[in-house]
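Asks: Handing over my_file_24.cif, mmCIF, C-alpha atoms and all ligand atoms.
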data_my_file
loop_
_atom_site.group_PDB
_atom_site.id
_atom_site.type_symbol
_atom_site.label_atom_id
_atom_site.label_comp_id
_atom_site.auth_asym_id
_atom_site.auth_seq_id
_atom_site.Cartn_x
_atom_site.Cartn_y
_atom_site.Cartn_z
ATOM 1 C CA MET A 6 122.773 59.840 112.031
ATOM 2 C CA THR A 7 121.474 57.175 114.397
ATOM 3 C CA THR A 8 119.225 57.555 117.411
ATOM 4 C CA ASP A 9 122.263 56.636 119.564
ATOM 5 C CA GLN A 10 123.311 60.232 119.078
ATOM 6 C CA PHE A 11 120.404 61.242 121.291
ATOM 7 C CA SER A 12 120.975 58.667 123.988
ATOM 8 C CA VAL A 13 122.054 59.560 127.522
ATOM 9 C CA ALA A 14 122.940 55.952 128.387
ATOM 10 C CA ASP A 15 125.743 55.606 130.939
ATOM 11 C CA LYS A 16 125.707 59.311 131.787
ATOM 12 C CA ASN A 17 125.697 60.252 135.460
ATOM 13 C CA VAL A 18 122.934 62.794 135.852
ATOM 14 C CA ILE A 19 121.582 65.034 138.603
ATOM 15 C CA ILE A 20 118.044 66.357 138.155
ATOM 16 C CA THR A 21 117.075 68.891 140.798
ATOM 17 C CA GLY A 22 113.416 69.247 141.744
ATOM 18 C CA SER A 23 112.589 65.805 140.400
ATOM 19 C CA SER A 24 110.008 64.699 142.969
ATOM 20 C CA GLN A 25 107.206 65.511 140.488
ATOM 21 C CA GLY A 26 106.364 67.189 137.182
ATOM 22 C CA ILE A 27 108.963 67.765 134.472
ATOM 23 C CA GLY A 28 111.846 66.642 136.710
ATOM 24 C CA ALA A 29 110.264 63.293 137.633
ATOM 25 C CA VAL A 30 109.277 62.567 134.023
ATOM 26 C CA THR A 31 112.797 63.430 132.831
ATOM 27 C CA ALA A 32 114.267 61.119 135.492
ATOM 28 C CA ARG A 33 112.091 58.281 134.210
ATOM 29 C CA ARG A 34 113.077 58.980 130.603
ATOM 30 C CA PHE A 35 116.794 59.064 131.432
ATOM 31 C CA VAL A 36 116.763 55.874 133.534
ATOM 32 C CA GLU A 37 114.838 54.035 130.824
ATOM 33 C CA ASP A 38 117.543 55.172 128.394
ATOM 34 C CA GLY A 39 120.286 53.754 130.635
ATOM 35 C CA ALA A 40 121.493 56.811 132.564
ATOM 36 C CA ASN A 41 122.374 56.798 136.252
ATOM 37 C CA VAL A 42 120.142 59.426 137.785
ATOM 38 C CA VAL A 43 120.106 61.264 141.081
ATOM 39 C CA VAL A 44 116.503 62.162 141.837
ATOM 40 C CA SER A 45 116.475 65.135 144.164
ATOM 41 C CA SER A 46 114.200 67.583 145.961
ATOM 42 C CA ARG A 47 113.570 68.832 149.498
ATOM 43 C CA THR A 48 111.227 65.950 150.320
ATOM 44 C CA GLN A 49 112.897 62.576 150.935
ATOM 45 C CA GLU A 50 109.629 60.651 150.974
ATOM 46 C CA LYS A 51 108.596 61.976 147.561
ATOM 47 C CA ILE A 52 111.916 61.297 145.866
ATOM 48 C CA ASP A 53 112.033 57.796 147.406
ATOM 49 C CA ASP A 54 108.646 57.130 145.805
ATOM 50 C CA VAL A 55 109.884 58.371 142.410
ATOM 51 C CA VAL A 56 112.954 56.131 142.598
ATOM 52 C CA ASP A 57 110.921 53.095 143.728
ATOM 53 C CA ASP A 58 108.780 53.557 140.661
ATOM 54 C CA LEU A 59 111.678 53.595 138.166
ATOM 55 C CA ASP A 60 112.840 50.660 136.075
ATOM 56 C CA GLY A 61 116.295 50.342 134.515
ATOM 57 C CA PRO A 62 118.432 49.675 132.590
ATOM 58 C CA GLY A 63 119.860 52.789 134.296
ATOM 59 C CA ARG A 64 120.068 53.226 138.061
ATOM 60 C CA ALA A 65 118.445 55.849 140.251
ATOM 61 C CA ILE A 66 119.109 57.039 143.769
ATOM 62 C CA ALA A 67 117.289 59.652 145.846
ATOM 63 C CA ILE A 68 119.225 62.437 147.547
ATOM 64 C CA GLU A 69 117.443 65.202 149.429
ATOM 65 C CA CYS A 70 118.620 68.704 148.591
ATOM 66 C CA ASP A 71 117.371 72.260 148.930
ATOM 67 C CA VAL A 72 118.993 74.132 146.038
ATOM 68 C CA ARG A 73 118.899 77.396 148.044
ATOM 69 C CA ASP A 74 121.309 75.926 150.575
ATOM 70 C CA ARG A 75 124.905 75.745 149.343
ATOM 71 C CA ALA A 76 125.921 73.127 151.926
ATOM 72 C CA SER A 77 122.996 70.956 150.875
ATOM 73 C CA VAL A 78 124.016 71.305 147.202
ATOM 74 C CA GLY A 79 127.634 70.483 148.133
ATOM 75 C CA ALA A 80 126.461 67.300 149.850
ATOM 76 C CA LEU A 81 124.369 66.380 146.783
ATOM 77 C CA ILE A 82 127.356 66.695 144.444
ATOM 78 C CA GLU A 83 129.640 64.809 146.829
ATOM 79 C CA ALA A 84 127.167 61.937 147.257
ATOM 80 C CA THR A 85 126.681 61.735 143.471
ATOM 81 C CA VAL A 86 130.405 61.478 142.809
ATOM 82 C CA GLU A 87 130.765 58.905 145.575
ATOM 83 C CA GLU A 88 127.960 56.761 144.125
ATOM 84 C CA PHE A 89 128.467 57.173 140.369
ATOM 85 C CA GLY A 90 132.026 58.549 140.024
ATOM 86 C CA SER A 91 131.223 61.795 138.184
ATOM 87 C CA VAL A 92 128.582 64.363 137.306
ATOM 88 C CA ASP A 93 128.182 64.305 133.519
ATOM 89 C CA VAL A 94 124.848 66.095 133.251
ATOM 90 C CA LEU A 95 123.185 68.575 135.593
ATOM 91 C CA VAL A 96 119.554 69.498 134.967
ATOM 92 C CA ASN A 97 118.726 72.649 136.938
ATOM 93 C CA ASN A 98 115.020 71.948 137.096
ATOM 94 C CA ALA A 99 113.994 72.934 140.653
ATOM 95 C CA GLY A 100 111.698 75.915 140.465
ATOM 96 C CA ALA A 101 108.733 77.554 142.117
ATOM 97 C CA SER A 102 106.491 80.587 141.878
ATOM 98 C CA PHE A 103 103.310 82.130 143.237
ATOM 99 C CA MET A 104 100.953 84.653 141.738
ATOM 100 C CA SER A 105 100.736 88.191 143.077
ATOM 101 C CA ASN A 106 100.504 91.786 141.929
ATOM 102 C CA TYR A 107 103.962 93.290 141.864
ATOM 103 C CA GLU A 108 103.000 95.879 144.495
ATOM 104 C CA ASP A 109 101.967 93.166 146.960
ATOM 105 C CA ILE A 110 105.042 90.950 146.766
ATOM 106 C CA SER A 111 106.837 91.058 150.105
ATOM 107 C CA GLU A 112 110.609 91.233 150.277
ATOM 108 C CA ASN A 113 110.602 87.709 151.677
ATOM 109 C CA GLY A 114 108.365 86.435 148.859
ATOM 110 C CA TRP A 115 110.536 88.089 146.208
ATOM 111 C CA LYS A 116 113.764 86.728 147.689
ATOM 112 C CA THR A 117 112.365 83.208 148.059
ATOM 113 C CA ILE A 118 111.444 82.960 144.379
ATOM 114 C CA VAL A 119 114.736 84.434 143.192
ATOM 115 C CA ASP A 120 116.575 82.162 145.606
ATOM 116 C CA ILE A 121 115.033 78.958 144.243
ATOM 117 C CA ASN A 122 115.030 79.809 140.545
ATOM 118 C CA LEU A 123 118.267 81.784 140.197
ATOM 119 C CA HIS A 124 120.507 81.231 143.205
ATOM 120 C CA GLY A 125 119.721 77.492 143.144
ATOM 121 C CA THR A 126 120.994 77.391 139.567
ATOM 122 C CA TYR A 127 124.078 79.360 140.651
ATOM 123 C CA HIS A 128 124.953 76.953 143.504
ATOM 124 C CA CYS A 129 124.317 73.759 141.541
ATOM 125 C CA SER A 130 126.120 74.910 138.387
ATOM 126 C CA GLN A 131 129.141 76.209 140.277
ATOM 127 C CA LEU A 132 129.603 73.075 142.387
ATOM 128 C CA ALA A 133 128.726 70.502 139.707
ATOM 129 C CA GLY A 134 130.709 72.579 137.204
ATOM 130 C CA GLU A 135 133.799 72.191 139.359
ATOM 131 C CA GLN A 136 133.531 68.403 138.989
ATOM 132 C CA MET A 137 132.904 68.639 135.263
ATOM 133 C CA ARG A 138 135.754 71.061 134.607
ATOM 134 C CA ASN A 139 138.214 68.970 136.613
ATOM 135 C CA GLY A 140 137.026 65.827 134.842
ATOM 136 C CA ASP A 141 135.931 65.098 131.278
ATOM 137 C CA GLY A 142 133.600 68.055 130.914
ATOM 138 C CA GLY A 143 129.845 67.832 131.003
ATOM 139 C CA VAL A 144 126.477 69.321 130.185
ATOM 140 C CA ILE A 145 124.256 71.707 132.106
ATOM 141 C CA VAL A 146 120.614 72.142 131.109
ATOM 142 C CA ASN A 147 118.776 74.984 132.796
ATOM 143 C CA LEU A 148 115.001 75.271 133.021
ATOM 144 C CA ALA A 149 113.852 78.828 132.422
ATOM 145 C CA SER A 150 110.400 79.798 131.128
ATOM 146 C CA VAL A 151 108.741 81.854 128.441
ATOM 147 C CA ALA A 152 107.952 84.111 131.421
ATOM 148 C CA GLY A 153 111.654 84.936 131.497
ATOM 149 C CA MET A 154 111.577 85.983 127.858
ATOM 150 C CA ASP A 155 108.226 87.750 127.513
ATOM 151 C CA GLY A 156 107.510 88.840 131.091
ATOM 152 C CA ALA A 157 104.572 87.396 133.026
ATOM 153 C CA PRO A 158 101.835 89.442 134.666
ATOM 154 C CA TYR A 159 101.497 88.622 138.403
ATOM 155 C CA MET A 160 104.738 86.639 138.410
ATOM 156 C CA SER A 161 107.320 89.428 138.174
ATOM 157 C CA HIS A 162 109.717 87.778 140.661
ATOM 158 C CA TYR A 163 109.639 84.477 138.756
ATOM 159 C CA ALA A 164 109.920 86.136 135.328
ATOM 160 C CA ALA A 165 112.892 88.240 136.459
ATOM 161 C CA ALA A 166 114.672 85.208 137.924
ATOM 162 C CA LYS A 167 114.073 83.117 134.789
ATOM 163 C CA ALA A 168 115.298 85.967 132.564
ATOM 164 C CA ALA A 169 118.506 85.906 134.585
ATOM 165 C CA VAL A 170 118.781 82.144 134.045
ATOM 166 C CA VAL A 171 118.527 82.637 130.258
ATOM 167 C CA ASN A 172 121.255 85.259 130.453
ATOM 168 C CA LEU A 173 123.470 83.183 132.765
ATOM 169 C CA THR A 174 123.214 80.297 130.299
ATOM 170 C CA LYS A 175 124.950 82.386 127.637
ATOM 171 C CA THR A 176 127.696 83.737 129.881
ATOM 172 C CA LEU A 177 128.516 80.408 131.481
ATOM 173 C CA ALA A 178 128.586 78.664 128.113
ATOM 174 C CA PHE A 179 131.169 81.204 127.001
ATOM 175 C CA GLU A 180 133.306 80.962 130.145
ATOM 176 C CA TRP A 181 133.317 77.142 130.253
ATOM 177 C CA ALA A 182 133.493 76.322 126.539
ATOM 178 C CA GLY A 183 137.228 75.680 126.908
ATOM 179 C CA ASP A 184 136.518 73.158 129.682
ATOM 180 C CA ASP A 185 134.166 71.089 127.495
ATOM 181 C CA VAL A 186 131.148 72.095 129.510
ATOM 182 C CA ARG A 187 128.095 72.903 127.394
ATOM 183 C CA VAL A 188 125.414 75.049 129.017
ATOM 184 C CA ASN A 189 121.959 75.319 127.456
ATOM 185 C CA CYS A 190 118.467 76.193 128.534
ATOM 186 C CA VAL A 191 114.891 75.113 127.895
ATOM 187 C CA SER A 192 112.128 77.702 128.180
ATOM 188 C CA PRO A 193 108.790 75.933 128.360
ATOM 189 C CA GLY A 194 105.439 77.509 127.770
ATOM 190 C CA PHE A 195 102.533 76.249 129.810
ATOM 191 C CA VAL A 196 103.053 72.631 130.881
ATOM 192 C CA ALA A 197 100.562 70.539 132.848
ATOM 193 C CA THR A 198 102.378 69.605 136.081
ATOM 194 C CA PRO A 199 101.384 69.335 139.753
ATOM 195 C CA GLY A 200 103.120 72.673 140.394
ATOM 196 C CA VAL A 201 101.071 74.521 137.791
ATOM 197 C CA GLU A 202 97.861 72.854 138.904
ATOM 198 C CA SER A 203 98.315 73.914 142.519
ATOM 199 C CA GLN A 204 99.431 77.409 141.511
ATOM 200 C CA MET A 205 96.326 77.911 139.409
ATOM 201 C CA GLY A 206 94.020 75.964 141.732
ATOM 202 C CA VAL A 207 92.671 73.806 138.890
ATOM 203 C CA THR A 208 93.545 70.510 137.257
ATOM 204 C CA ALA A 209 95.169 70.409 133.830
ATOM 205 C CA GLU A 210 91.882 69.249 132.299
ATOM 206 C CA GLU A 211 90.058 72.229 133.751
ATOM 207 C CA ILE A 212 92.487 74.819 132.429
ATOM 208 C CA ASP A 213 90.984 76.763 129.549
ATOM 209 C CA ARG A 214 93.504 75.988 126.850
ATOM 210 C CA THR A 215 92.526 78.838 124.584
ATOM 211 C CA ALA A 216 92.683 81.423 127.355
ATOM 212 C CA VAL A 217 96.067 80.456 128.765
ATOM 213 C CA ASP A 218 97.961 79.229 125.757
ATOM 214 C CA ARG A 219 97.031 77.646 122.456
ATOM 215 C CA ARG A 220 98.283 74.285 123.586
ATOM 216 C CA ILE A 221 99.274 72.972 127.001
ATOM 217 C CA GLY A 222 102.530 71.055 126.933
ATOM 218 C CA LEU A 223 103.223 67.680 128.477
ATOM 219 C CA SER A 224 106.178 67.026 130.765
ATOM 220 C CA GLU A 225 107.268 64.326 128.293
ATOM 221 C CA GLU A 226 107.649 66.977 125.584
ATOM 222 C CA ILE A 227 109.949 69.026 127.797
ATOM 223 C CA ALA A 228 111.866 65.869 128.748
ATOM 224 C CA ASP A 229 112.458 65.303 125.003
ATOM 225 C CA THR A 230 114.132 68.698 124.700
ATOM 226 C CA ILE A 231 116.182 68.188 127.871
ATOM 227 C CA GLN A 232 117.342 64.809 126.583
ATOM 228 C CA PHE A 233 118.340 66.251 123.216
ATOM 229 C CA LEU A 234 120.415 69.015 124.829
ATOM 230 C CA SER A 235 122.030 66.478 127.189
ATOM 231 C CA SER A 236 123.028 64.155 124.358
ATOM 232 C CA LYS A 237 125.893 63.960 121.900
ATOM 233 C CA GLY A 238 123.393 65.023 119.246
ATOM 234 C CA ALA A 239 123.653 68.547 120.651
ATOM 235 C CA SER A 240 127.461 68.541 120.866
ATOM 236 C CA TYR A 241 127.784 71.742 118.786
ATOM 237 C CA ILE A 242 125.125 73.645 120.709
ATOM 238 C CA THR A 243 125.978 75.761 123.732
ATOM 239 C CA GLY A 244 124.689 78.997 125.264
ATOM 240 C CA GLU A 245 121.305 78.545 123.603
ATOM 241 C CA THR A 246 117.759 78.587 124.868
ATOM 242 C CA ILE A 247 115.196 76.376 123.171
ATOM 243 C CA VAL A 248 111.674 77.668 123.583
ATOM 244 C CA ALA A 249 109.196 74.776 123.835
ATOM 245 C CA ARG A 250 105.757 76.343 123.829
ATOM 246 C CA GLY A 251 103.763 74.504 121.178
ATOM 247 C CA VAL A 252 103.022 77.634 119.160
ATOM 248 C CA PRO A 253 105.274 80.216 117.508
ATOM 249 C CA ASP A 254 105.529 83.564 119.312
ATOM 250 C CA ILE A 255 103.486 85.231 116.595
ATOM 251 C CA MET A 256 100.435 83.178 117.646
ATOM 252 C CA GLU A 257 100.432 85.012 120.958
ATOM 253 C CA SER A 258 99.555 88.239 119.160
ATOM 254 C CA PRO A 259 96.256 89.667 120.442
ATOM 255 C CA ASP A 260 95.174 90.167 116.794
ATOM 256 C CA LEU A 261 95.123 86.426 116.075
HETATM 257 N N1 LIG A 301 105.030 73.679 134.336
HETATM 258 C C1 LIG A 301 105.176 74.772 133.611
HETATM 259 O O1 LIG A 301 104.214 75.284 132.993
HETATM 260 C C2 LIG A 301 106.512 75.424 133.476
HETATM 261 C C3 LIG A 301 106.637 76.446 132.532
HETATM 262 C C4 LIG A 301 107.869 77.065 132.383
HETATM 263 C C5 LIG A 301 108.928 76.682 133.163
HETATM 264 N N2 LIG A 301 108.774 75.686 134.072
HETATM 265 C C6 LIG A 301 109.951 75.347 134.890
HETATM 266 O O2 LIG A 301 110.232 73.969 134.766
HETATM 267 C C7 LIG A 301 110.714 73.464 136.009
HETATM 268 C C8 LIG A 301 109.832 72.316 136.475
HETATM 269 O O3 LIG A 301 108.507 72.774 136.539
HETATM 270 P P1 LIG A 301 107.301 71.853 137.094
HETATM 271 O O4 LIG A 301 106.043 72.563 136.726
HETATM 272 O O5 LIG A 301 107.527 70.443 136.698
HETATM 273 O O6 LIG A 301 107.535 72.007 138.668
HETATM 274 P P2 LIG A 301 106.623 71.597 139.884
HETATM 275 O O7 LIG A 301 105.585 70.592 139.516
HETATM 276 O O8 LIG A 301 106.203 72.855 140.577
HETATM 277 O O9 LIG A 301 107.730 70.887 140.796
HETATM 278 C C9 LIG A 301 108.787 71.647 141.302
HETATM 279 C C10 LIG A 301 109.874 70.719 141.782
HETATM 280 O O10 LIG A 301 110.911 71.520 142.372
HETATM 281 C C11 LIG A 301 111.161 71.059 143.693
HETATM 282 N N3 LIG A 301 111.614 72.184 144.495
HETATM 283 C C12 LIG A 301 110.939 73.307 144.828
HETATM 284 N N4 LIG A 301 111.706 74.110 145.583
HETATM 285 C C13 LIG A 301 112.897 73.476 145.723
HETATM 286 C C14 LIG A 301 114.109 73.775 146.388
HETATM 287 N N5 LIG A 301 114.256 74.901 147.095
HETATM 288 N N6 LIG A 301 115.135 72.905 146.321
HETATM 289 C C15 LIG A 301 115.005 71.744 145.629
HETATM 290 N N7 LIG A 301 113.888 71.398 144.985
HETATM 291 C C16 LIG A 301 112.835 72.254 145.039
HETATM 292 C C17 LIG A 301 109.838 70.417 144.143
HETATM 293 O O11 LIG A 301 110.027 69.413 145.108
HETATM 294 P P3 LIG A 301 109.970 69.619 146.693
HETATM 295 O O12 LIG A 301 108.779 70.486 146.983
HETATM 296 O O13 LIG A 301 109.870 68.244 147.209
HETATM 297 O O14 LIG A 301 111.275 70.267 147.043
HETATM 298 C C18 LIG A 301 109.395 69.766 142.851
HETATM 299 O O15 LIG A 301 110.046 68.527 142.667
HETATM 300 C C19 LIG A 301 110.730 74.648 136.966
HETATM 301 O O16 LIG A 301 111.995 75.249 136.965
HETATM 302 C C20 LIG A 301 109.712 75.588 136.362
HETATM 303 O O17 LIG A 301 109.932 76.936 136.726
HETATM 304 C C21 LIG A 301 107.590 75.056 134.259
#
What would the structure in this file look like if it were written as structure tokens?
Replies:
Amino acid sequence: MTTDQFSVADKNVIITGSSQGIGAVTARRFVEDGANVVVSSRTQEKIDDVVDDLDGPGRAIAIECDVRDRASVGALIEATVEEFGSVDVLVNNAGASFMSNYEDISENGWKTIVDINLHGTYHCSQLAGEQMRNGDGGVIVNLASVAGMDGAPYMSHYAAAKAAVVNLTKTLAFEWAGDDVRVNCVSPGFVATPGVESQMGVTAEEIDRTAVDRRIGLSEEIADTIQFLSSKGASYITGETIVARGVPDIMESPDL
């Protein structure tokens, strides 16, 4: 085994929601490893900044896309194929949430969160999957959450959507195995990112590590898992969810 097995060099990669946090760090990692990366989010200025900040050997371009909008996703896939020739890896990373009691979540609030986290994954996987299945195959890596596995008080919409992403990962892996498309998922625990900081109204340093989780993850640690699943080193893995939470589930027991 060599480390080349875990390289994504020369892969053409789309990372949704990569204007900050886990997505932006993964984009950096992939470009430094020699991949061609489409950095994407709803905010052109932010993704331009991410791309300006990246150094090769890989290439990066910024394409604005709202994953809730099928036409916008279609344009993203088309522009990627035009620029790089194929979509080899899709990282469904765009995500969002807000905290609320279940009884206070409006229909609009519920639908917005499900739209971004689940329907976004549906649009991107279906349209990028079409390219992969008609070409040489490919890899899809979904971002779910431990919320989608354990439930998450005050984030019922988000937890339900992420649970569906975990489930979709299995079904899609089954349906597309014959087309050489692997579909896997990463379920992070609590990771210090701009999104989490604004959601909780505190900086990562201020978060009480023992109260929230035993160990706050770094975006780089999630990027490691995404890279592994995207690489040849994971060629016999499909339909799986890797939980990256820094502690085994048993540590979450209230008795410990
Ligand atoms: N951080 C954690 O603790 C944690 C834990 C478990 C799972 N996750 C999951 O990991 C992924 C990344 O998390 P993060 O904390 O790095 O995120 P983050 O800091 O909140 O950033 C979210 C990214 O998604 C983009 N985005 C939001 N809505 C979008 C839409 N409709 N279309 C396209 N892009 C959109 C944002 O950019 P724009 O606003 O510019 O569009 C931004 O780039 C998410 O799926 C999240 O649910 C995170």
Asks: Calculated over only C-alpha atoms and all ligand atoms, which of the candidates A:Glu50, A:Asp185, A:Glu180, A:Asp58 has the smallest distance to ligand LIG 301 (chain A)?
Replies: A:Glu50
Asks: Given only C-alpha atoms and all ligand atoms as the basis, pick out the residue of A:Gly26, A:Gly143, A:Pro62, A:Gly114 nearest to ligand LIG 301 (chain A).
Replies: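 Looking at the shortest contact to ligand LIG 301 (chain A), the residue is A:Gly26.
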Asks: Given the file shown, determine the residues that the PyMOL selection byres (((not hetatm)) within 8 of (chain A and resi 301)) selects; report them as a PyMOL selection string.
Replies: chain A and resi 21-29+45-49+51-52+69-74+97-102+120-122+125+147-152+163+167+192-201+222+224
Asks: Using only C-alpha atoms for the distances, tell me which of A:Ile242, A:Cys129, A:Val56, A:Ala228 is nearest to A:Arg75.
Replies: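 Looking at the shortest contact to A:Arg75, the residue is A:Cys129.
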Asks: So which residues get picked by the PyMOL selection byres (((chain A and resi 189) around 6) and not hetatm) here, written as a JSON list (two decimals) with C-alpha atoms, keeping the file's coordinate frame?
Replies:
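Contents of selection.json, as written:
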[["chain", "number", "residue", "atom", "x", "y", "z"],
["A", 146, "VAL", "CA", 120.61, 72.14, 131.11],
["A", 174, "THR", "CA", 123.21, 80.30, 130.30],
["A", 188, "VAL", "CA", 125.41, 75.05, 129.02],
["A", 190, "CYS", "CA", 118.47, 76.19, 128.53],
["A", 243, "THR", "CA", 125.98, 75.76, 123.73],
["A", 244, "GLY", "CA", 124.69, 79.00, 125.26],
["A", 245, "GLU", "CA", 121.30, 78.54, 123.60],
["A", 246, "THR", "CA", 117.76, 78.59, 124.87]]
Asks: Can you work out the spacing between atom CA of A:Ile82 and atom CA of A:Val144 in Å, to one decimal?
Replies: 14.5 Å
Asks: Go ahead and compute the interatomic distance for atom CA of A:Asp229 and atom CA of A:Leu177, in Å to one decimal.
Replies: 23.0 Å
Asks: Under the rule that all atoms listed in the file are counted, which of A:Ser236, A:Gln10, A:Gln131, A:Thr85 is the nearest residue to A:Asn41?
Replies: A:Thr85
Asks: Find the residue from A:Tyr159, A:Thr31, A:Gly90, A:Val171 that sits nearest to A:Ile110; use only C-alpha atoms when measuring.
Replies: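 Nearest candidate to A:Ile110 out of A:Tyr159, A:Thr31, A:Gly90, A:Val171: A:Tyr159.
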Asks: Which residue, A:Glu83, A:Val186, A:Met104, A:Ser130, has the smallest gap to A:Ser235 when you use all atoms listed in the file?
Replies: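 When distances to A:Ser235 are compared using all atoms listed in the file, the smallest one comes from A:Val186.
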Asks: Mind pulling up the distance from atom CA of A:Thr126 to atom CA of A:Ile145?
Replies: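 The value is 9.9 Å.
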